[in-house]
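Step one of this worksheet: look at the structure below.
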Amino acid sequence: MSHCRRTINASFNSEVLRQYLNKYFCTVIGLILIARPLRNRAPEMGELRNDQIAQYFTSTWRNMEAMATAIQDLFELTNRIGRLSGFATRVRELMLGLQVRPPVLSEEIEAAKQGENPPIFQKGEHLQFEHVSVYRPDGTLLVKDLNFTVERGQRVLVTGGNGCGKSSLFRVIRKLWPLVEGTITMPPDKEIYFLTQVNFVPYGSLRDLVIYPQSHTEMLASGRTDEDVRVCLRWAHVSPTVIHDGRAQLEFNDQGNVVRPGLNDVRDWQKDLSPGQKQRLAFARLFYHRPSFVVLDECTNGISPDVEHDLYDRCTRLNLAVFSISHKIELKLFHERELHYHGDLKGSWTMRECSQTRDKITRASSTVKLPEPDKAGKKESRITYERHVWFAE
Ligand SMILES: Nc1ncnc2c1ncn2[C@@H]1O[C@H](COP(=O)(O)OP(=O)(O)OP(=O)(O)O)[C@@H](O)[C@H]1O
């Protein structure tokens with residue numbers, strides 16, 4: 001904290017000094033230079049009348065001021081160039097660092113290449129795992145010998161304790177981590193979508209948020225309309241035209257004025273949207289593009305349960321093949337199979353039908369009273385709220 005304060009103070013002082021010197025030092029020097037011939041009674045000055053001298057003084061003075069501003073701008077430009085070159089150096093260092101990065105899991109990959117299940121990525125109709133093992137970059141086994149297929153329209157829920165490797169499987173699919181062993185068959189890239197907790201929020205209009213990476217021109221060329229976009233916003237519960245209790249699902253308070261954005265409205269969405277609204281918009285984009293396969297990696301943790309269930313239900317109705325990670329047992333209601341990681345050292349796992357446990361999930365609700373002690377610590381509040389809990393027997 002004290003370091004930050006010192007840095008801010010130092011940069012404030014140097015900035016004030018720099019601006020002061022630029023503005024006044026230049027003009028003072030200029031003033032002296034103008035004044036010199038007058039004071040020294042230079043011979044050519046003697047021929048000028050008083051009004052001509054005043055005109056000479058004023059115009060030269062203005063030129064000096066303009067020069068001071070130009071010098072100030074020049075300093076500002078050097079600052080910006082300095083910042084830009086700083087960014088460029090950091091990007092270059094990052095790229096060099098990536099190039100010289102020691103290969104990860106190279107020994108394990110070499111060993112697998114000599115064995116029965118060399119690492120292979122191939123394109124296909126379904127998402128299929130054959131003898132796939134997932135390792136952490138430090139070589140720790142997370143899950144061993146995965147064998148299953150996700151057909152079009154099927155929904156699989158991945159469950160397991162924290163850190164057991166659920167997301168790691170998707171890191172391998174996205175090629176962020178190397179595939180060590182086994183064959184992964186995947187549909188073409190444009191047919192598979194990944195939604196994570198934090199999703200990219202593009203710049204542009206509300207329409208651009210939904211149709212990204214398409215442009216408006218591409219959208220029109222593909223025969224899609226603004227009505228399609230509005231429908232997807234409604235399905236994702238983030239529509240500025242759906243109003244409950246006087247409040248739209250998407251509205252902003254701009255200096256006391258309620259603003260419900262239209263499709264053409266451009267805002268700083270990254271700043272203006274809450275994390276939950278960003279997650280809902282990611283679903284609107286998913287519904288708009290409707291890929292055949294979608295990987296949902298705990299991408300609804302900022303969304304209220306009723307809306308979350310509706311979003312999963314919509315995926316089912318759109319017949320998307322869903323591969324989702326979640327700790328919420330009630331989501332079994334929207335999936336057919338459950339891939340459960342045991343999180344043990346052997347990397348064991350089981351695949352079972354959700355229907356085996358689905359019926360055992362029940363929703364209990366109870367009325368809870370908020371404690372609100374008085375001075376004696378006894379009084380109970382009259383405020384109550386309903387609490388819903390999901391149980392698996
Ligand atoms: N970028 C990384 N580099 C190295 N190890 C990582 C990295 N990300 C995660 N890990 C490790 O890999 C293991 C599996 O992590 P992963 O994120 O797949 O777990 P998870 O089952 O999805 O956990 P959670 O339910 O908490 O999200 C963990 O031990 C974690 O520490």
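FYI, nothing fancy with the structure tokens labels: chains A, B, ... in order, residues from 1 per chain, ligands from 1 as they appear.
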Residue contacts of Leu142 in chain A (12 Å, only C-alpha atoms) excluding same-chain residues fewer than 5 positions away, as a VMD selection string
chain A and resid 132 to 137 160 to 169 172 180 341 to 349
Please, could you write that set of residues out with N, CA and C atoms as a short mmCIF file (atom, residue, chain, number, x, y, z; two decimals), in the first residue's frame?
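The new file result16.cif reads:
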```cif
data_model
loop_
_atom_site.label_atom_id
_atom_site.label_comp_id
_atom_site.auth_asym_id
_atom_site.auth_seq_id
_atom_site.Cartn_x
_atom_site.Cartn_y
_atom_site.Cartn_z
N VAL A 132 -8.47 -43.04 -23.32
CA VAL A 132 -7.85 -41.73 -23.07
C VAL A 132 -7.50 -41.59 -21.59
N SER A 133 -6.26 -41.22 -21.33
CA SER A 133 -5.86 -40.92 -19.95
C SER A 133 -5.46 -39.46 -19.88
N VAL A 134 -5.84 -38.81 -18.78
CA VAL A 134 -5.53 -37.38 -18.64
C VAL A 134 -4.52 -37.21 -17.51
N TYR A 135 -3.47 -36.45 -17.82
CA TYR A 135 -2.41 -36.20 -16.83
C TYR A 135 -2.29 -34.71 -16.58
N ARG A 136 -1.91 -34.37 -15.36
CA ARG A 136 -1.56 -32.98 -15.06
C ARG A 136 -0.22 -32.67 -15.71
N PRO A 137 0.09 -31.38 -15.98
CA PRO A 137 1.37 -31.07 -16.64
C PRO A 137 2.59 -31.61 -15.88
N GLY A 160 -17.66 -35.10 -9.65
CA GLY A 160 -16.48 -35.54 -8.89
C GLY A 160 -16.05 -34.44 -7.94
N GLY A 161 -15.18 -34.76 -7.03
CA GLY A 161 -14.73 -33.79 -6.02
C GLY A 161 -13.88 -32.69 -6.65
N ASN A 162 -13.61 -31.66 -5.87
CA ASN A 162 -12.77 -30.55 -6.36
C ASN A 162 -11.37 -31.05 -6.69
N GLY A 163 -10.88 -30.62 -7.83
CA GLY A 163 -9.49 -30.91 -8.22
C GLY A 163 -9.27 -32.32 -8.74
N CYS A 164 -10.36 -33.08 -9.00
CA CYS A 164 -10.15 -34.46 -9.44
C CYS A 164 -9.88 -34.53 -10.95
N GLY A 165 -10.08 -33.44 -11.68
CA GLY A 165 -9.70 -33.43 -13.09
C GLY A 165 -10.85 -33.26 -14.08
N LYS A 166 -11.99 -32.77 -13.61
CA LYS A 166 -13.15 -32.64 -14.51
C LYS A 166 -12.84 -31.65 -15.65
N SER A 167 -12.36 -30.45 -15.25
CA SER A 167 -12.08 -29.44 -16.29
C SER A 167 -10.87 -29.84 -17.12
N SER A 168 -9.98 -30.64 -16.54
CA SER A 168 -8.74 -31.01 -17.26
C SER A 168 -9.06 -31.76 -18.55
N LEU A 169 -10.13 -32.57 -18.50
CA LEU A 169 -10.52 -33.30 -19.70
C LEU A 169 -10.82 -32.32 -20.84
N VAL A 172 -7.79 -30.76 -22.35
CA VAL A 172 -7.17 -31.65 -23.36
C VAL A 172 -7.95 -31.54 -24.68
N VAL A 180 -1.99 -37.24 -23.95
CA VAL A 180 -0.86 -38.15 -23.69
C VAL A 180 -1.14 -39.52 -24.31
N TYR A 341 -15.94 -39.01 -11.61
CA TYR A 341 -14.52 -39.22 -11.31
C TYR A 341 -14.39 -39.56 -9.82
N HIS A 342 -13.65 -40.62 -9.53
CA HIS A 342 -13.51 -40.99 -8.11
C HIS A 342 -12.43 -40.16 -7.43
N GLY A 343 -11.55 -39.57 -8.22
CA GLY A 343 -10.50 -38.71 -7.64
C GLY A 343 -9.44 -39.49 -6.90
N ASP A 344 -9.27 -40.79 -7.21
CA ASP A 344 -8.24 -41.58 -6.52
C ASP A 344 -6.93 -41.60 -7.34
N LEU A 345 -5.91 -42.23 -6.77
CA LEU A 345 -4.60 -42.22 -7.44
C LEU A 345 -4.60 -43.06 -8.71
N LYS A 346 -5.56 -44.02 -8.80
CA LYS A 346 -5.61 -44.88 -10.00
C LYS A 346 -6.35 -44.18 -11.15
N GLY A 347 -6.93 -43.04 -10.89
CA GLY A 347 -7.67 -42.32 -11.93
C GLY A 347 -8.93 -43.05 -12.34
N SER A 348 -9.61 -43.70 -11.38
CA SER A 348 -10.78 -44.49 -11.76
C SER A 348 -12.02 -43.61 -11.94
N TRP A 349 -12.97 -44.13 -12.66
CA TRP A 349 -14.19 -43.38 -12.99
C TRP A 349 -15.33 -44.37 -13.25
#
```
Neighbours of Ser239 in chain A within 6 Å (only C-alpha atoms; same-chain residues fewer than 3 positions away dropped), as a PDB file with N, CA and C atoms, in the first residue's frame?
```pdb
ATOM      1  N   LEU A 233     -32.378 -14.025 -26.885  1.00  0.00           N
ATOM      2  CA  LEU A 233     -32.266 -13.241 -25.642  1.00  0.00           C
ATOM      3  C   LEU A 233     -33.380 -13.637 -24.667  1.00  0.00           C
ATOM      4  N   ARG A 234     -34.576 -13.878 -25.212  1.00  0.00           N
ATOM      5  CA  ARG A 234     -35.682 -14.286 -24.325  1.00  0.00           C
ATOM      6  C   ARG A 234     -35.412 -15.671 -23.741  1.00  0.00           C
ATOM      7  N   VAL A 242     -38.496  -8.338 -21.739  1.00  0.00           N
ATOM      8  CA  VAL A 242     -39.243  -9.178 -20.787  1.00  0.00           C
ATOM      9  C   VAL A 242     -39.182  -8.507 -19.412  1.00  0.00           C
ATOM     10  N   GLN A 249     -35.387  -7.839 -17.765  1.00  0.00           N
ATOM     11  CA  GLN A 249     -34.261  -8.766 -17.496  1.00  0.00           C
ATOM     12  C   GLN A 249     -32.919  -8.111 -17.807  1.00  0.00           C
ATOM     13  N   LEU A 250     -32.954  -7.177 -18.785  1.00  0.00           N
ATOM     14  CA  LEU A 250     -31.714  -6.456 -19.106  1.00  0.00           C
ATOM     15  C   LEU A 250     -32.034  -4.972 -19.144  1.00  0.00           C
TER      16      LEU A 250
END
```
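Closest to Glu15 in chain A among A:Asn79, A:Gly246, A:Ile32, A:Leu195 is A:Asn79, based on only C-alpha atoms.
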Among range 18-215 of chain A, which residues carry a DSSP assignment of alpha helix (DSSP H), reported as a PyMOL selection string?
chain A and resi 18-20+26-39+43-46+50-100+106-114+166-173+206-211
